[in-house]
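Engineer: To start, I am sharing the structure in question, which I have written as structure tokens.
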Amino acid sequence: MPICPKIPRGLITPEEFLILSAEISYQLTPTKPNFPALTHLILGPAKIPETTPITEALECLHIAYGRRLRKLGPLQLIHPLRTTAILARSMTEPTTLDILGALFHDKEEDLTQDKLTDAEWTKFSHRFKSLLEKIDGDHQWYLGERISLLCRQPGTSYNEYIGHILDHSAKMPDLLHVKFADRLDNTFDTHLQNSGVNQLNFYRNLFDILFVPGFKGVVVDDFHFLPGEKDSVLLLSQLFKNIIFLSLTRSDRCDRLDKTATMLFDAVAIAGIREAQWILLEIFASYVTDLKDQWKIVAETLEYTHLGGAQQITLKTNGNILDGIVSEYFGILSDDERKAKLALLFHDKNKLARVILAFIVVFSSFLNDPQYRLEGVERTGIRNMDISNDLPG
């Protein structure tokens with residue numbers, strides 16, 4: 001992945017993400033990793049004069065995270081390292097503070113005294129203090145402030161949390177950069193289980209479904225599958241979060257805060273499109289296989305979005321299967337309630353296909369219209385818009 005400005009608009013493909021993940025994972029295999037080599041891998045083409053604090057930060061994180069696993073199975077440590085690697089590849093001249101902020105962006109959520117053993121906490125605290133002594137007083141304060149601001153406080157909704165970050169982004173754009181990289185990493189994380197439909201031409205299949213009478217349907221010769229319920233619920237949650245994050249960022253005009261923000265904003269939207277595409281192709285290849293049913297899903301979603309359904313949060317009472325979707329799955333719900341609802345959506349493949357297709361429209365709109373945002377997505381939550389009843393029922 002070359003350094004910008006030569007980086008393509010999408011920044012990182014699913015295939016590049018998997019390669020980066022594998023390289024980081026392999027570096028973490030030894031009992032005592034080669035931390036200078038790991039530093040080189042994380043930074044990639046980025047040039048930072050003094051890398052000692054970064055190497056010590058990696059040692060510090062290795063102590064704290066140990067062999068703990070993420071929900072999908074990989075080491076927890078891979079997430080902050082991969083997020084940092086993505087950030088380093090999106091900036092022409094990242095600073096040591098940029099890199100440290102990304103490495104420790106989850107510190108206040110993951111690495112607290114109540115989540116570590118006494119021995120781990122003592123060793124981690126000592127090493128983190130030693131690390132801070134390697135940077136000057138101003139940078140110590142800036143790093144602490146950024147770590148605190150990147151932590152979602154208990155009782156704070158996701159919308160409020162993102163709004164809080166946006167409030168500080170004008171003076172601290174690195175906050176937004178880290179959050180973008182974090183979103184990008186979380187979106188691609190389900191590619192731990194790679195899908196065989198990635199190589200299919202999504203738009204050709206969509207065209208053939210709509211216009212070619214003799215089309216035989218989406219055919220996948222290679223091994224392919226839709227992730228199971230647990231993994232799919234996680235991915236769907238990430239896609240909903242991305243819509244909210246991008247919409248709030250666009251509302252505050254922070255998507256063009258600087259070149260890095262612009263690149264990462266577009267990259268998150270493209271990642272959303274890529275993930276949604278392979279889910280829809282998998283549904284059409286394995287679950288909703290009747291061409292007439294596929295045509296109906298695509299045609300009705302096309303009509304719905306062209307009549308404004310993807311422009312704002314719609315009322316569920318409007319009658320279309322897509323009405324009220326964002327409110328239903330990302331309104332005022334507990335995490336457990338949201339997971340339960342998303343699990344039901346996962347099992348309703350007809351509805352899921354429509355939702356996924358609408359996701360693609362929304363993410364594409366972010367890319368094609370510099371003024372686009374989803375009306376009704378606000379810092380205080382999700383507000384239903386009472387729009388025209390002309391939307392198809």
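Each chain of the structure tokens is named A, B, ... in the order shown, its residues numbered from 1; ligands are numbered from 1 in display order.
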List the neighbours of Arg70 (chain A) out to 12 Å using only C-alpha atoms; skip same-chain residues closer than 2 positions along the sequence, and give me the result as an NGL selection string.
Structural biologist: :A and (65-68 or 72-80 or 110 or 186 or 189-190 or 192 or 231 or 234)
Engineer: Could you please take those selected residues and save N, CA and C atoms as a CSV table (one decimal), in the first residue's frame?
Structural biologist:
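And here's part_35.csv as it stands now:
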chain,number,residue,atom,x,y,z
A,65,TYR,N,-2.3,-6.4,26.6
A,65,TYR,CA,-3.3,-7.2,25.9
A,65,TYR,C,-3.0,-8.7,26.0
A,66,GLY,N,-1.7,-9.1,26.1
A,66,GLY,CA,-1.3,-10.5,26.2
A,66,GLY,C,-1.9,-11.3,25.0
A,67,ARG,N,-2.6,-12.4,25.4
A,67,ARG,CA,-3.2,-13.3,24.4
A,67,ARG,C,-4.7,-13.2,24.3
A,68,ARG,N,-5.2,-12.0,24.9
A,68,ARG,CA,-6.7,-11.9,24.8
A,68,ARG,C,-7.2,-11.8,23.4
A,72,LEU,N,-14.3,-12.0,17.3
A,72,LEU,CA,-14.3,-12.9,16.1
A,72,LEU,C,-13.1,-13.9,16.2
A,73,GLY,N,-12.3,-13.8,17.3
A,73,GLY,CA,-11.3,-14.8,17.5
A,73,GLY,C,-9.8,-14.3,17.4
A,74,PRO,N,-9.4,-13.3,16.6
A,74,PRO,CA,-8.0,-12.9,16.6
A,74,PRO,C,-7.6,-12.2,17.9
A,75,LEU,N,-6.3,-12.0,18.0
A,75,LEU,CA,-5.8,-11.3,19.2
A,75,LEU,C,-6.3,-9.9,19.2
A,76,GLN,N,-6.7,-9.5,20.4
A,76,GLN,CA,-7.2,-8.1,20.6
A,76,GLN,C,-6.1,-7.1,20.2
A,77,LEU,N,-4.9,-7.4,20.4
A,77,LEU,CA,-3.8,-6.5,20.1
A,77,LEU,C,-3.7,-6.2,18.6
A,78,ILE,N,-4.2,-7.1,17.8
A,78,ILE,CA,-4.1,-6.8,16.3
A,78,ILE,C,-4.9,-5.6,16.0
A,79,HIS,N,-6.0,-5.3,16.6
A,79,HIS,CA,-6.9,-4.2,16.3
A,79,HIS,C,-6.2,-2.8,16.4
A,80,PRO,N,-5.6,-2.5,17.5
A,80,PRO,CA,-4.9,-1.2,17.6
A,80,PRO,C,-3.7,-1.1,16.7
A,110,ASP,N,-10.2,-0.7,27.1
A,110,ASP,CA,-9.7,-2.1,27.2
A,110,ASP,C,-8.6,-2.3,28.3
A,186,ASN,N,-12.7,-1.9,11.8
A,186,ASN,CA,-13.8,-2.7,12.3
A,186,ASN,C,-14.7,-3.2,11.2
A,189,ASP,N,-13.1,-6.2,9.5
A,189,ASP,CA,-12.7,-7.3,10.4
A,189,ASP,C,-13.4,-8.6,10.1
A,190,THR,N,-14.6,-8.6,9.6
A,190,THR,CA,-15.3,-9.9,9.3
A,190,THR,C,-14.6,-10.6,8.2
A,192,LEU,N,-11.9,-11.8,8.2
A,192,LEU,CA,-11.2,-12.9,8.8
A,192,LEU,C,-11.7,-14.2,8.2
A,231,ASP,N,-21.2,-13.4,13.5
A,231,ASP,CA,-20.4,-12.5,12.7
A,231,ASP,C,-21.1,-11.6,11.8
A,234,LEU,N,-22.4,-8.6,13.9
A,234,LEU,CA,-21.3,-7.7,14.1
A,234,LEU,C,-21.1,-6.8,12.9
Engineer: For region 313-316 of chain A, list every protein, DNA or RNA residue within 9 Å, evaluated using only C-alpha atoms, and leave out those in the same chain fewer than 5 positions away; present the list as a PDB file with C-alpha atoms, in the first residue's frame.
Structural biologist:
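As a result, around-v8.pdb now contains:
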ATOM      1  CA  ILE A 321     -40.227  -2.847   4.276  1.00  0.00           C
ATOM      2  CA  LEU A 322     -37.308  -0.380   4.367  1.00  0.00           C
ATOM      3  CA  ASP A 323     -39.163   2.344   6.269  1.00  0.00           C
ATOM      4  CA  GLY A 324     -37.906   2.884   9.803  1.00  0.00           C
ATOM      5  CA  ILE A 325     -34.913   0.564   9.343  1.00  0.00           C
ATOM      6  CA  VAL A 326     -32.299   2.825  10.963  1.00  0.00           C
ATOM      7  CA  SER A 327     -34.616   3.709  13.843  1.00  0.00           C
ATOM      8  CA  GLU A 328     -35.515   0.055  14.372  1.00  0.00           C
ATOM      9  CA  LEU A 374     -28.953  11.107   5.874  1.00  0.00           C
ATOM     10  CA  GLU A 375     -31.527  13.557   7.209  1.00  0.00           C
ATOM     11  CA  GLY A 376     -32.697  12.609  10.675  1.00  0.00           C
ATOM     12  CA  VAL A 377     -29.322  11.318  11.869  1.00  0.00           C
ATOM     13  CA  ILE A 382     -32.293   9.163  15.265  1.00  0.00           C
ATOM     14  CA  ARG A 383     -35.244  11.370  14.298  1.00  0.00           C
ATOM     15  CA  ASN A 384     -37.895  10.024  11.952  1.00  0.00           C
ATOM     16  CA  MET A 385     -38.768  12.364   9.105  1.00  0.00           C
ATOM     17  CA  ASP A 386     -42.440  12.548   8.112  1.00  0.00           C
ATOM     18  CA  ILE A 387     -41.944  12.484   4.361  1.00  0.00           C
TER      19      ILE A 387
END
Engineer: Any idea what's packed within 9 Å of Tyr329 (chain A), counting only C-alpha atoms, ignoring anything in its chain fewer than 2 positions away? Could you give it as a ChimeraX atom specification?
Structural biologist: /A:237,240,324-327,331-333,337-339,341-342
Engineer: Let me make sure I understand: among A:Asp98, A:Asp208, A:Asp185, A:Asp293, which one has the smallest atom-to-atom distance to Thr260 (chain A) if we use only C-alpha atoms?
Structural biologist: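 Of A:Asp98, A:Asp208, A:Asp185, A:Asp293, the one nearest Thr260 (chain A) is A:Asp98, counting only C-alpha atoms.
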Engineer: Go through region 99-218 of chain A residue by residue and, counting only C-alpha atoms, keep those with an atom at most 9 Å from region 51-57 of chain A; for each kept residue give the shortest atom pair and its distance in Å to one decimal, ordered by chain and increasing number, as a tab-separated table.
Structural biologist:
residue	atom	partner	partner_atom	distance
A:Ile99	CA	A:Ile54	CA	7.3
A:Leu100	CA	A:Ile54	CA	6.6
A:Leu103	CA	A:Ala57	CA	7.6
A:Phe104	CA	A:Ala57	CA	8.4
A:Arg127	CA	A:Glu56	CA	8.1
A:Phe128	CA	A:Ala57	CA	7.5
A:Ser130	CA	A:Glu56	CA	8.7
A:Leu131	CA	A:Pro53	CA	6.3
A:Leu132	CA	A:Pro53	CA	8.3
A:Lys134	CA	A:Pro53	CA	6.4
A:Ile135	CA	A:Pro53	CA	7.4
Engineer: Keeping only C-alpha atoms, write those residues as a PDB file, in the first residue's frame.
Structural biologist:
ATOM      1  CA  ILE A  99       0.891   7.056  15.867  1.00  0.00           C
ATOM      2  CA  LEU A 100       0.764   6.873  19.668  1.00  0.00           C
ATOM      3  CA  LEU A 103      -2.032   2.747  19.216  1.00  0.00           C
ATOM      4  CA  PHE A 104      -3.673   3.719  22.513  1.00  0.00           C
ATOM      5  CA  ARG A 127       5.938   0.521  31.160  1.00  0.00           C
ATOM      6  CA  PHE A 128       3.385   3.159  30.152  1.00  0.00           C
ATOM      7  CA  SER A 130       8.359   4.819  31.218  1.00  0.00           C
ATOM      8  CA  LEU A 131       7.037   5.473  27.712  1.00  0.00           C
ATOM      9  CA  LEU A 132       5.631   8.868  28.686  1.00  0.00           C
ATOM     10  CA  LYS A 134      10.424   9.398  26.556  1.00  0.00           C
ATOM     11  CA  ILE A 135       8.297  12.248  25.185  1.00  0.00           C
TER      12      ILE A 135
END
Engineer: I need the residue nearest Thr122 (chain A) from this list: A:Cys60, A:Gly214, A:Gln311, A:Thr29. Use only C-alpha atoms for the distance.
Structural biologist: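 When distances to Thr122 (chain A) are compared using only C-alpha atoms, the smallest one comes from A:Cys60.
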Engineer: Using only C-alpha atoms for the distances, tell me which of A:Val219, A:Ile63, A:Ile147, A:Ile279 is nearest to Lys349 (chain A).
Structural biologist: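 That would be A:Ile279, the residue with the smallest distance to Lys349 (chain A).
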Engineer: Might you pull out every residue within 12 Å of Ala119 (chain A), with only C-alpha atoms counted and same-chain residues fewer than 6 positions away left off, and present them as a list in words?
Structural biologist: Ile63, Ala64, Gln113, Ser125 and His126 of chain A
Engineer: Using C-alpha atoms, can you write the selected residues to a file as a PDB file, in the first residue's frame?
Structural biologist:
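Result went into result-v4.pdb, see below:
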ATOM      1  CA  ILE A  63       2.191  -6.645  27.970  1.00  0.00           C
ATOM      2  CA  ALA A  64      -1.332  -5.317  28.513  1.00  0.00           C
ATOM      3  CA  GLN A 113      -7.228  -1.790  36.178  1.00  0.00           C
ATOM      4  CA  SER A 125       1.437   0.950  34.357  1.00  0.00           C
ATOM      5  CA  HIS A 126       5.205   0.917  34.885  1.00  0.00           C
TER       6      HIS A 126
END
Engineer: May I have the residues within 10 Å of Pro173 (chain A) as a list in words, using only C-alpha atoms and disregarding those fewer than 5 positions away in the same chain?
Structural biologist: Asp98, Ile165, Leu166, His168, Val178, Cys254, Leu257, Asp258, Thr260 and Ala261 of chain A
Engineer: Print the selection's residues with C-alpha atoms to a file, as a tab-separated table (two decimals), in the first residue's frame.
Structural biologist:
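File produced: selection-v5.tsv:
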chain	number	residue	atom	x	y	z
A	98	ASP	CA	-0.47	10.59	15.63
A	165	ILE	CA	-15.18	13.87	18.75
A	166	LEU	CA	-16.36	16.21	15.98
A	168	HIS	CA	-12.78	18.78	19.06
A	178	VAL	CA	-7.93	7.86	14.34
A	254	CYS	CA	-15.55	17.59	8.82
A	257	LEU	CA	-11.28	18.87	7.25
A	258	ASP	CA	-7.96	18.02	5.56
A	260	THR	CA	-6.31	12.75	5.44
A	261	ALA	CA	-9.92	13.17	6.62
